[in-house]
Amino acid sequence: MNLSGIWASVFIVAVLSLTPMAKMKTFRVISRYRRFVGLAAFFYSLFHLLVYLVLFAGLSVSWILSDLVQKPYIYAGVVATVILFLLAVTSTKKMMKRLGKKWKKLHQLVYLAAVCVVAHLWLQVKSDIELAVWVTVFIAPLLFLRIYQNPRYKKYFNKIS
């Protein structure tokens with residue numbers, strides 16, 4: 001279960017890294033792999049959830065319900081997986097065309113999914129914080145970069161500097 005969660009986190013970091021890298025002229029070719037990397041993040045997170053439901057909880061509804069009460073980090077993980085599911089379903093060219101301008105707005109939910117991943121990792125920490133620290137170290141700057149580049153928030157950063 002841990003390995004699938006680690007790989008889901010790695011692919012979330014990777015997909016968030018691809019857009020800033022693709023803006024550099026040398027790495028522009030990378031942008032064509034965003035969909036694949038995003039789908040990999042979704043499938044690993046789905047696999048992570050299925051491993052929990054089948055192997056860990058044994059599909060026992062009572063076990064899952066008690067875990068939901070005792071372990072709130074499950075909510076953050078499920079929210080991230082649901083968001084990644086929505087993004088995976090709408091990542092085809094046909095759905096892009098159908099959704100029009102709404103598609104880009106919908107796919108900005110990847111940032112919320114990244115925050116949910118970080119919350120999921122920190123809320124489950126017992127003693128070993130290494131994975132949570134590493135994922136946070138990579139995701140936080142990428143999220144701050146997006147906020148900084150967003151025209152809606154850029155005016156606030158101009159006042160600071």
# chains A, B, ... in the order shown; residues from 1 in each chain; ligands from 1
$ select_by_dssp --residues "region 87-142 of chain A" --states "alpha helix (DSSP H)" --output "VMD selection string"
chain A and resid 87 to 89 93 to 99 101 to 107 109 to 123 130 to 142
$ residues_around --residues "Leu18 (chain A)" --least-positions-apart "6" --cutoff "7 Å" --atoms "only C-alpha atoms" --output "ChimeraX atom specification"
/A:30-31,34
$ residues_around --residues "Arg32 (chain A)" --least-positions-apart "2" --cutoff "12 Å" --atoms "only C-alpha atoms" --output "list in words"
Val15, Leu18, Thr19, Met21, Ala22, Phe27, Arg28, Val29, Ile30, Arg34, Arg35, Phe36, Val37 and Gly38 of chain A
$ closest_residue --among "A:Val61, A:Ala119, A:Leu87, A:Leu55" --to "Tyr73 (chain A)" --atoms "only C-alpha atoms"
A:Ala119
$ residues_around --residues "Leu145 (chain A)" --least-positions-apart "3" --cutoff "12 Å" --atoms "only C-alpha atoms" --output "PDB file with all heavy atoms, in the first residue's frame"
ATOM      1  N   LEU A  16       2.930  18.452 -11.726  1.00  0.00           N
ATOM      2  CA  LEU A  16       2.996  19.871 -11.372  1.00  0.00           C
ATOM      3  C   LEU A  16       4.295  20.505 -11.875  1.00  0.00           C
ATOM      4  O   LEU A  16       4.346  21.707 -12.127  1.00  0.00           O
ATOM      5  CB  LEU A  16       2.886  20.053  -9.861  1.00  0.00           C
ATOM      6  CG  LEU A  16       1.511  19.786  -9.245  1.00  0.00           C
ATOM      7  CD1 LEU A  16       1.591  19.881  -7.727  1.00  0.00           C
ATOM      8  CD2 LEU A  16       0.478  20.743  -9.788  1.00  0.00           C
ATOM      9  N   SER A  17       5.346  19.715 -12.018  1.00  0.00           N
ATOM     10  CA  SER A  17       6.644  20.222 -12.478  1.00  0.00           C
ATOM     11  C   SER A  17       6.691  20.427 -13.987  1.00  0.00           C
ATOM     12  O   SER A  17       7.470  21.244 -14.478  1.00  0.00           O
ATOM     13  CB  SER A  17       7.761  19.249 -12.101  1.00  0.00           C
ATOM     14  OG  SER A  17       7.796  19.055 -10.727  1.00  0.00           O
ATOM     15  N   THR A  19       4.572  21.731 -16.250  1.00  0.00           N
ATOM     16  CA  THR A  19       4.141  23.000 -16.839  1.00  0.00           C
ATOM     17  C   THR A  19       5.210  24.087 -16.720  1.00  0.00           C
ATOM     18  O   THR A  19       5.536  24.728 -17.723  1.00  0.00           O
ATOM     19  CB  THR A  19       2.805  23.457 -16.229  1.00  0.00           C
ATOM     20  OG1 THR A  19       1.836  22.444 -16.487  1.00  0.00           O
ATOM     21  CG2 THR A  19       2.332  24.765 -16.834  1.00  0.00           C
ATOM     22  N   PRO A  20       5.787  24.320 -15.530  1.00  0.00           N
ATOM     23  CA  PRO A  20       6.853  25.336 -15.483  1.00  0.00           C
ATOM     24  C   PRO A  20       8.054  24.964 -16.358  1.00  0.00           C
ATOM     25  O   PRO A  20       8.659  25.837 -16.975  1.00  0.00           O
ATOM     26  CB  PRO A  20       7.264  25.375 -14.012  1.00  0.00           C
ATOM     27  CG  PRO A  20       6.177  24.732 -13.259  1.00  0.00           C
ATOM     28  CD  PRO A  20       5.479  23.810 -14.203  1.00  0.00           C
ATOM     29  N   MET A  21       8.362  23.683 -16.427  1.00  0.00           N
ATOM     30  CA  MET A  21       9.486  23.256 -17.272  1.00  0.00           C
ATOM     31  C   MET A  21       9.158  23.476 -18.742  1.00  0.00           C
ATOM     32  O   MET A  21      10.024  23.874 -19.519  1.00  0.00           O
ATOM     33  CB  MET A  21       9.816  21.787 -17.014  1.00  0.00           C
ATOM     34  CG  MET A  21      10.528  21.568 -15.705  1.00  0.00           C
ATOM     35  SD  MET A  21      10.829  19.829 -15.355  1.00  0.00           S
ATOM     36  CE  MET A  21      11.867  19.343 -16.703  1.00  0.00           C
ATOM     37  N   TYR A 111      -4.334  21.410  -8.333  1.00  0.00           N
ATOM     38  CA  TYR A 111      -3.667  22.074  -7.214  1.00  0.00           C
ATOM     39  C   TYR A 111      -4.322  21.687  -5.893  1.00  0.00           C
ATOM     40  O   TYR A 111      -3.631  21.458  -4.901  1.00  0.00           O
ATOM     41  CB  TYR A 111      -3.686  23.594  -7.398  1.00  0.00           C
ATOM     42  CG  TYR A 111      -3.156  24.015  -8.752  1.00  0.00           C
ATOM     43  CD1 TYR A 111      -3.875  24.883  -9.560  1.00  0.00           C
ATOM     44  CD2 TYR A 111      -1.947  23.524  -9.240  1.00  0.00           C
ATOM     45  CE1 TYR A 111      -3.401  25.251 -10.810  1.00  0.00           C
ATOM     46  CE2 TYR A 111      -1.468  23.888 -10.481  1.00  0.00           C
ATOM     47  CZ  TYR A 111      -2.208  24.756 -11.259  1.00  0.00           C
ATOM     48  OH  TYR A 111      -1.729  25.115 -12.490  1.00  0.00           O
ATOM     49  N   PHE A 138       8.745  19.433  -2.392  1.00  0.00           N
ATOM     50  CA  PHE A 138       8.611  19.555  -3.841  1.00  0.00           C
ATOM     51  C   PHE A 138       7.301  20.217  -4.260  1.00  0.00           C
ATOM     52  O   PHE A 138       7.272  20.984  -5.224  1.00  0.00           O
ATOM     53  CB  PHE A 138       8.744  18.184  -4.514  1.00  0.00           C
ATOM     54  CG  PHE A 138      10.158  17.699  -4.568  1.00  0.00           C
ATOM     55  CD1 PHE A 138      10.586  16.691  -3.736  1.00  0.00           C
ATOM     56  CD2 PHE A 138      11.069  18.274  -5.437  1.00  0.00           C
ATOM     57  CE1 PHE A 138      11.903  16.243  -3.770  1.00  0.00           C
ATOM     58  CE2 PHE A 138      12.383  17.841  -5.482  1.00  0.00           C
ATOM     59  CZ  PHE A 138      12.803  16.823  -4.651  1.00  0.00           C
ATOM     60  N   ILE A 139       6.213  19.922  -3.564  1.00  0.00           N
ATOM     61  CA  ILE A 139       4.910  20.454  -3.976  1.00  0.00           C
ATOM     62  C   ILE A 139       4.741  21.924  -3.586  1.00  0.00           C
ATOM     63  O   ILE A 139       4.220  22.714  -4.376  1.00  0.00           O
ATOM     64  CB  ILE A 139       3.757  19.595  -3.411  1.00  0.00           C
ATOM     65  CG1 ILE A 139       3.664  18.291  -4.207  1.00  0.00           C
ATOM     66  CG2 ILE A 139       2.425  20.331  -3.472  1.00  0.00           C
ATOM     67  CD1 ILE A 139       2.548  17.368  -3.791  1.00  0.00           C
ATOM     68  N   ALA A 140       5.152  22.317  -2.401  1.00  0.00           N
ATOM     69  CA  ALA A 140       4.928  23.694  -1.930  1.00  0.00           C
ATOM     70  C   ALA A 140       5.499  24.752  -2.881  1.00  0.00           C
ATOM     71  O   ALA A 140       4.769  25.678  -3.258  1.00  0.00           O
ATOM     72  CB  ALA A 140       5.468  23.866  -0.515  1.00  0.00           C
ATOM     73  N   PRO A 141       6.756  24.646  -3.311  1.00  0.00           N
ATOM     74  CA  PRO A 141       7.262  25.668  -4.237  1.00  0.00           C
ATOM     75  C   PRO A 141       6.511  25.685  -5.573  1.00  0.00           C
ATOM     76  O   PRO A 141       6.301  26.748  -6.154  1.00  0.00           O
ATOM     77  CB  PRO A 141       8.727  25.283  -4.469  1.00  0.00           C
ATOM     78  CG  PRO A 141       9.075  24.354  -3.384  1.00  0.00           C
ATOM     79  CD  PRO A 141       7.814  23.720  -2.921  1.00  0.00           C
ATOM     80  N   LEU A 142       6.087  24.514  -6.031  1.00  0.00           N
ATOM     81  CA  LEU A 142       5.348  24.456  -7.291  1.00  0.00           C
ATOM     82  C   LEU A 142       3.988  25.143  -7.159  1.00  0.00           C
ATOM     83  O   LEU A 142       3.546  25.844  -8.075  1.00  0.00           O
ATOM     84  CB  LEU A 142       5.174  23.001  -7.737  1.00  0.00           C
ATOM     85  CG  LEU A 142       6.468  22.305  -8.151  1.00  0.00           C
ATOM     86  CD1 LEU A 142       6.252  20.804  -8.275  1.00  0.00           C
ATOM     87  CD2 LEU A 142       6.992  22.889  -9.454  1.00  0.00           C
ATOM     88  N   TYR A 148       2.008  32.725  -7.756  1.00  0.00           N
ATOM     89  CA  TYR A 148       2.784  33.893  -8.170  1.00  0.00           C
ATOM     90  C   TYR A 148       2.535  34.230  -9.635  1.00  0.00           C
ATOM     91  O   TYR A 148       2.474  35.399 -10.015  1.00  0.00           O
ATOM     92  CB  TYR A 148       4.277  33.637  -7.920  1.00  0.00           C
ATOM     93  CG  TYR A 148       5.159  34.785  -8.334  1.00  0.00           C
ATOM     94  CD1 TYR A 148       5.226  35.936  -7.556  1.00  0.00           C
ATOM     95  CD2 TYR A 148       5.905  34.725  -9.497  1.00  0.00           C
ATOM     96  CE1 TYR A 148       6.027  37.006  -7.934  1.00  0.00           C
ATOM     97  CE2 TYR A 148       6.708  35.776  -9.886  1.00  0.00           C
ATOM     98  CZ  TYR A 148       6.760  36.907  -9.106  1.00  0.00           C
ATOM     99  OH  TYR A 148       7.553  37.960  -9.486  1.00  0.00           O
ATOM    100  N   GLN A 149       2.387  33.222 -10.479  1.00  0.00           N
ATOM    101  CA  GLN A 149       2.197  33.441 -11.911  1.00  0.00           C
ATOM    102  C   GLN A 149       0.750  33.764 -12.277  1.00  0.00           C
ATOM    103  O   GLN A 149       0.492  34.236 -13.374  1.00  0.00           O
ATOM    104  CB  GLN A 149       2.643  32.203 -12.698  1.00  0.00           C
ATOM    105  CG  GLN A 149       4.121  31.993 -12.675  1.00  0.00           C
ATOM    106  CD  GLN A 149       4.536  30.703 -13.353  1.00  0.00           C
ATOM    107  OE1 GLN A 149       3.728  29.803 -13.548  1.00  0.00           O
ATOM    108  NE2 GLN A 149       5.803  30.610 -13.714  1.00  0.00           N
ATOM    109  N   ASN A 150      -0.172  33.531 -11.372  1.00  0.00           N
ATOM    110  CA  ASN A 150      -1.579  33.777 -11.651  1.00  0.00           C
ATOM    111  C   ASN A 150      -1.836  35.280 -11.696  1.00  0.00           C
ATOM    112  O   ASN A 150      -1.556  35.984 -10.724  1.00  0.00           O
ATOM    113  CB  ASN A 150      -2.438  33.118 -10.571  1.00  0.00           C
ATOM    114  CG  ASN A 150      -3.905  33.146 -10.901  1.00  0.00           C
ATOM    115  OD1 ASN A 150      -4.426  34.118 -11.428  1.00  0.00           O
ATOM    116  ND2 ASN A 150      -4.576  32.070 -10.567  1.00  0.00           N
ATOM    117  N   PRO A 151      -2.384  35.784 -12.806  1.00  0.00           N
ATOM    118  CA  PRO A 151      -2.617  37.233 -12.926  1.00  0.00           C
ATOM    119  C   PRO A 151      -3.518  37.788 -11.821  1.00  0.00           C
ATOM    120  O   PRO A 151      -3.372  38.943 -11.426  1.00  0.00           O
ATOM    121  CB  PRO A 151      -3.306  37.385 -14.289  1.00  0.00           C
ATOM    122  CG  PRO A 151      -3.065  36.129 -15.009  1.00  0.00           C
ATOM    123  CD  PRO A 151      -2.776  35.067 -13.994  1.00  0.00           C
ATOM    124  N   TYR A 153      -3.465  37.096  -8.707  1.00  0.00           N
ATOM    125  CA  TYR A 153      -2.712  37.319  -7.475  1.00  0.00           C
ATOM    126  C   TYR A 153      -1.420  38.092  -7.691  1.00  0.00           C
ATOM    127  O   TYR A 153      -0.758  38.485  -6.744  1.00  0.00           O
ATOM    128  CB  TYR A 153      -2.408  35.993  -6.796  1.00  0.00           C
ATOM    129  CG  TYR A 153      -3.649  35.196  -6.481  1.00  0.00           C
ATOM    130  CD1 TYR A 153      -3.948  34.032  -7.164  1.00  0.00           C
ATOM    131  CD2 TYR A 153      -4.540  35.639  -5.509  1.00  0.00           C
ATOM    132  CE1 TYR A 153      -5.097  33.315  -6.890  1.00  0.00           C
ATOM    133  CE2 TYR A 153      -5.696  34.930  -5.230  1.00  0.00           C
ATOM    134  CZ  TYR A 153      -5.961  33.767  -5.919  1.00  0.00           C
ATOM    135  OH  TYR A 153      -7.103  33.072  -5.654  1.00  0.00           O
ATOM    136  N   LYS A 154      -1.036  38.284  -8.942  1.00  0.00           N
ATOM    137  CA  LYS A 154       0.230  38.942  -9.252  1.00  0.00           C
ATOM    138  C   LYS A 154       0.308  40.349  -8.667  1.00  0.00           C
ATOM    139  O   LYS A 154       1.365  40.792  -8.227  1.00  0.00           O
ATOM    140  CB  LYS A 154       0.439  38.979 -10.763  1.00  0.00           C
ATOM    141  CG  LYS A 154       1.875  38.892 -11.139  1.00  0.00           C
ATOM    142  CD  LYS A 154       2.033  38.610 -12.602  1.00  0.00           C
ATOM    143  CE  LYS A 154       3.450  38.130 -12.766  1.00  0.00           C
ATOM    144  NZ  LYS A 154       3.707  37.434 -13.945  1.00  0.00           N
ATOM    145  N   PHE A 157       1.787  40.419  -5.219  1.00  0.00           N
ATOM    146  CA  PHE A 157       3.229  40.204  -5.164  1.00  0.00           C
ATOM    147  C   PHE A 157       3.983  41.445  -5.618  1.00  0.00           C
ATOM    148  O   PHE A 157       5.084  41.707  -5.173  1.00  0.00           O
ATOM    149  CB  PHE A 157       3.632  38.993  -5.994  1.00  0.00           C
ATOM    150  CG  PHE A 157       3.200  37.695  -5.382  1.00  0.00           C
ATOM    151  CD1 PHE A 157       2.130  36.985  -5.910  1.00  0.00           C
ATOM    152  CD2 PHE A 157       3.848  37.194  -4.279  1.00  0.00           C
ATOM    153  CE1 PHE A 157       1.726  35.802  -5.330  1.00  0.00           C
ATOM    154  CE2 PHE A 157       3.460  36.009  -3.688  1.00  0.00           C
ATOM    155  CZ  PHE A 157       2.396  35.307  -4.227  1.00  0.00           C
TER     156      PHE A 157
END
$ atom_distance --atom1 "CA of Phe11 (chain A)" --atom2 "CA of Ala40 (chain A)"
6.6 Å
$ closest_residue --among "A:Leu53, A:Met96, A:Met24, A:Ile12" --to "Val110 (chain A)" --atoms "only C-alpha atoms"
A:Ile12
$ residues_around --residues "Ile6 (chain A)" --least-positions-apart "2" --cutoff "12 Å" --atoms "only C-alpha atoms" --output "short mmCIF file (atom, residue, chain, number, x, y, z; two decimals) with all heavy atoms, in the first residue's frame"
data_model
loop_
_atom_site.label_atom_id
_atom_site.label_comp_id
_atom_site.auth_asym_id
_atom_site.auth_seq_id
_atom_site.Cartn_x
_atom_site.Cartn_y
_atom_site.Cartn_z
N MET A 1 0.83 -1.18 0.00
CA MET A 1 0.00 0.00 0.00
C MET A 1 0.88 1.26 0.00
O MET A 1 0.56 2.22 -0.70
CB MET A 1 -0.93 0.00 1.21
CG MET A 1 -1.93 1.12 1.18
SD MET A 1 -3.33 0.93 2.25
CE MET A 1 -2.60 1.16 3.83
N ASN A 2 1.96 1.25 0.77
CA ASN A 2 2.83 2.43 0.84
C ASN A 2 3.46 2.75 -0.51
O ASN A 2 3.55 3.91 -0.89
CB ASN A 2 3.92 2.23 1.88
CG ASN A 2 3.37 2.29 3.28
OD1 ASN A 2 2.30 2.81 3.52
ND2 ASN A 2 4.12 1.74 4.22
N LEU A 3 3.88 1.72 -1.22
CA LEU A 3 4.56 1.94 -2.49
C LEU A 3 3.65 2.61 -3.52
O LEU A 3 4.07 3.53 -4.22
CB LEU A 3 5.11 0.61 -3.02
CG LEU A 3 6.13 0.69 -4.13
CD1 LEU A 3 7.31 1.54 -3.71
CD2 LEU A 3 6.59 -0.70 -4.53
N SER A 4 2.40 2.17 -3.59
CA SER A 4 1.48 2.80 -4.55
C SER A 4 1.21 4.25 -4.17
O SER A 4 1.09 5.12 -5.04
CB SER A 4 0.17 2.01 -4.63
OG SER A 4 -0.45 1.93 -3.35
N ALA A 8 2.08 7.51 -6.46
CA ALA A 8 1.04 8.50 -6.76
C ALA A 8 1.56 9.90 -6.43
O ALA A 8 1.37 10.84 -7.20
CB ALA A 8 -0.24 8.18 -5.99
N SER A 9 2.23 10.02 -5.28
CA SER A 9 2.79 11.31 -4.87
C SER A 9 3.88 11.78 -5.84
O SER A 9 3.94 12.96 -6.20
CB SER A 9 3.39 11.21 -3.46
OG SER A 9 2.41 10.82 -2.54
N VAL A 10 4.72 10.86 -6.26
CA VAL A 10 5.80 11.20 -7.20
C VAL A 10 5.20 11.72 -8.51
O VAL A 10 5.67 12.73 -9.07
CB VAL A 10 6.70 9.96 -7.47
CG1 VAL A 10 7.58 10.17 -8.69
CG2 VAL A 10 7.54 9.66 -6.23
N PHE A 11 4.15 11.07 -8.99
CA PHE A 11 3.55 11.51 -10.25
C PHE A 11 2.80 12.83 -10.10
O PHE A 11 2.74 13.61 -11.05
CB PHE A 11 2.65 10.42 -10.84
CG PHE A 11 3.44 9.36 -11.57
CD1 PHE A 11 3.54 8.08 -11.05
CD2 PHE A 11 4.07 9.64 -12.76
CE1 PHE A 11 4.27 7.11 -11.71
CE2 PHE A 11 4.81 8.68 -13.43
CZ PHE A 11 4.91 7.41 -12.91
N ILE A 12 2.24 13.10 -8.93
CA ILE A 12 1.62 14.41 -8.68
C ILE A 12 2.69 15.50 -8.75
O ILE A 12 2.51 16.54 -9.39
CB ILE A 12 0.89 14.44 -7.32
CG1 ILE A 12 -0.38 13.63 -7.36
CG2 ILE A 12 0.61 15.88 -6.88
CD1 ILE A 12 -1.51 14.26 -8.12
N VAL A 13 3.82 15.25 -8.10
CA VAL A 13 4.93 16.21 -8.16
C VAL A 13 5.40 16.38 -9.60
O VAL A 13 5.63 17.50 -10.07
CB VAL A 13 6.10 15.76 -7.25
CG1 VAL A 13 7.34 16.60 -7.50
CG2 VAL A 13 5.69 15.84 -5.78
N ALA A 41 -0.58 9.38 -12.29
CA ALA A 41 -0.90 9.80 -10.91
C ALA A 41 -2.27 9.28 -10.51
O ALA A 41 -2.45 8.76 -9.40
CB ALA A 41 -0.85 11.32 -10.79
N TYR A 44 -2.17 5.34 -10.09
CA TYR A 44 -1.49 4.94 -8.85
C TYR A 44 -2.32 5.28 -7.62
O TYR A 44 -2.36 4.52 -6.65
CB TYR A 44 -0.10 5.56 -8.75
CG TYR A 44 0.96 4.70 -9.39
CD1 TYR A 44 1.50 5.03 -10.63
CD2 TYR A 44 1.40 3.53 -8.77
CE1 TYR A 44 2.45 4.23 -11.23
CE2 TYR A 44 2.36 2.73 -9.36
CZ TYR A 44 2.88 3.08 -10.59
OH TYR A 44 3.82 2.29 -11.18
N SER A 45 -3.00 6.43 -7.64
CA SER A 45 -3.84 6.77 -6.48
C SER A 45 -5.05 5.84 -6.40
O SER A 45 -5.46 5.44 -5.31
CB SER A 45 -4.28 8.23 -6.54
OG SER A 45 -5.19 8.45 -7.59
N PHE A 47 -5.08 2.74 -7.52
CA PHE A 47 -4.52 1.48 -7.05
C PHE A 47 -4.28 1.52 -5.55
O PHE A 47 -4.58 0.56 -4.83
CB PHE A 47 -3.21 1.18 -7.81
CG PHE A 47 -2.59 -0.12 -7.45
CD1 PHE A 47 -3.23 -1.32 -7.72
CD2 PHE A 47 -1.35 -0.16 -6.83
CE1 PHE A 47 -2.65 -2.54 -7.38
CE2 PHE A 47 -0.77 -1.37 -6.49
CZ PHE A 47 -1.41 -2.56 -6.76
N HIS A 48 -3.79 2.65 -5.06
CA HIS A 48 -3.55 2.84 -3.62
C HIS A 48 -4.87 2.68 -2.85
O HIS A 48 -4.91 1.99 -1.82
CB HIS A 48 -2.95 4.23 -3.41
CG HIS A 48 -2.58 4.57 -2.01
ND1 HIS A 48 -1.63 3.90 -1.29
CD2 HIS A 48 -3.06 5.54 -1.19
CE1 HIS A 48 -1.53 4.44 -0.09
NE2 HIS A 48 -2.40 5.43 0.01
N VAL A 117 -3.04 15.71 -1.12
CA VAL A 117 -1.97 14.70 -0.99
C VAL A 117 -1.06 15.07 0.18
O VAL A 117 -0.72 14.22 1.01
CB VAL A 117 -1.17 14.56 -2.30
CG1 VAL A 117 0.11 13.78 -2.09
CG2 VAL A 117 -2.03 13.89 -3.36
N VAL A 118 -0.67 16.33 0.24
CA VAL A 118 0.20 16.79 1.34
C VAL A 118 -0.52 16.61 2.68
O VAL A 118 0.06 16.10 3.65
CB VAL A 118 0.64 18.25 1.12
CG1 VAL A 118 1.33 18.81 2.35
CG2 VAL A 118 1.55 18.35 -0.09
N HIS A 120 -2.93 14.49 3.36
CA HIS A 120 -3.02 13.05 3.58
C HIS A 120 -1.75 12.52 4.21
O HIS A 120 -1.79 11.73 5.16
CB HIS A 120 -3.32 12.36 2.24
CG HIS A 120 -3.41 10.87 2.30
ND1 HIS A 120 -4.46 10.21 2.89
CD2 HIS A 120 -2.59 9.90 1.82
CE1 HIS A 120 -4.27 8.90 2.79
NE2 HIS A 120 -3.14 8.69 2.13
N LEU A 121 -0.62 12.95 3.69
CA LEU A 121 0.66 12.47 4.20
C LEU A 121 0.94 12.97 5.60
O LEU A 121 1.38 12.21 6.47
CB LEU A 121 1.79 12.89 3.25
CG LEU A 121 1.80 12.18 1.90
CD1 LEU A 121 2.80 12.83 0.97
CD2 LEU A 121 2.09 10.71 2.07
N GLU A 130 9.64 11.46 6.88
CA GLU A 130 10.48 11.67 5.71
C GLU A 130 9.67 11.84 4.42
O GLU A 130 9.89 12.80 3.67
CB GLU A 130 11.46 10.50 5.54
CG GLU A 130 12.44 10.73 4.41
CD GLU A 130 13.46 9.60 4.28
OE1 GLU A 130 13.34 8.58 4.97
OE2 GLU A 130 14.37 9.78 3.47
N LEU A 131 8.73 10.95 4.14
CA LEU A 131 7.95 11.05 2.90
C LEU A 131 7.13 12.33 2.88
O LEU A 131 7.11 13.04 1.86
CB LEU A 131 7.03 9.84 2.74
CG LEU A 131 6.14 9.85 1.50
CD1 LEU A 131 6.98 9.86 0.24
CD2 LEU A 131 5.19 8.68 1.52
N ALA A 132 6.49 12.65 3.98
CA ALA A 132 5.67 13.88 4.05
C ALA A 132 6.54 15.11 3.82
O ALA A 132 6.14 16.04 3.10
CB ALA A 132 4.96 13.96 5.39
N TRP A 134 9.48 15.28 2.14
CA TRP A 134 9.96 15.33 0.75
C TRP A 134 8.87 15.77 -0.21
O TRP A 134 9.10 16.60 -1.10
CB TRP A 134 10.54 13.98 0.32
CG TRP A 134 11.94 13.79 0.78
CD1 TRP A 134 12.38 12.91 1.71
CD2 TRP A 134 13.09 14.51 0.34
NE1 TRP A 134 13.72 13.04 1.89
CE2 TRP A 134 14.19 14.02 1.06
CE3 TRP A 134 13.30 15.54 -0.57
CZ2 TRP A 134 15.47 14.51 0.88
CZ3 TRP A 134 14.58 16.03 -0.75
CH2 TRP A 134 15.65 15.52 -0.03
N VAL A 135 7.68 15.23 -0.05
CA VAL A 135 6.58 15.61 -0.95
C VAL A 135 6.24 17.08 -0.75
O VAL A 135 6.03 17.81 -1.72
CB VAL A 135 5.36 14.69 -0.74
CG1 VAL A 135 4.16 15.20 -1.50
CG2 VAL A 135 5.68 13.27 -1.17
#
$ closest_residue --among "A:Leu39, A:Lys25, A:Arg152, A:Val54" --to "Thr92 (chain A)" --atoms "only C-alpha atoms"
A:Leu39
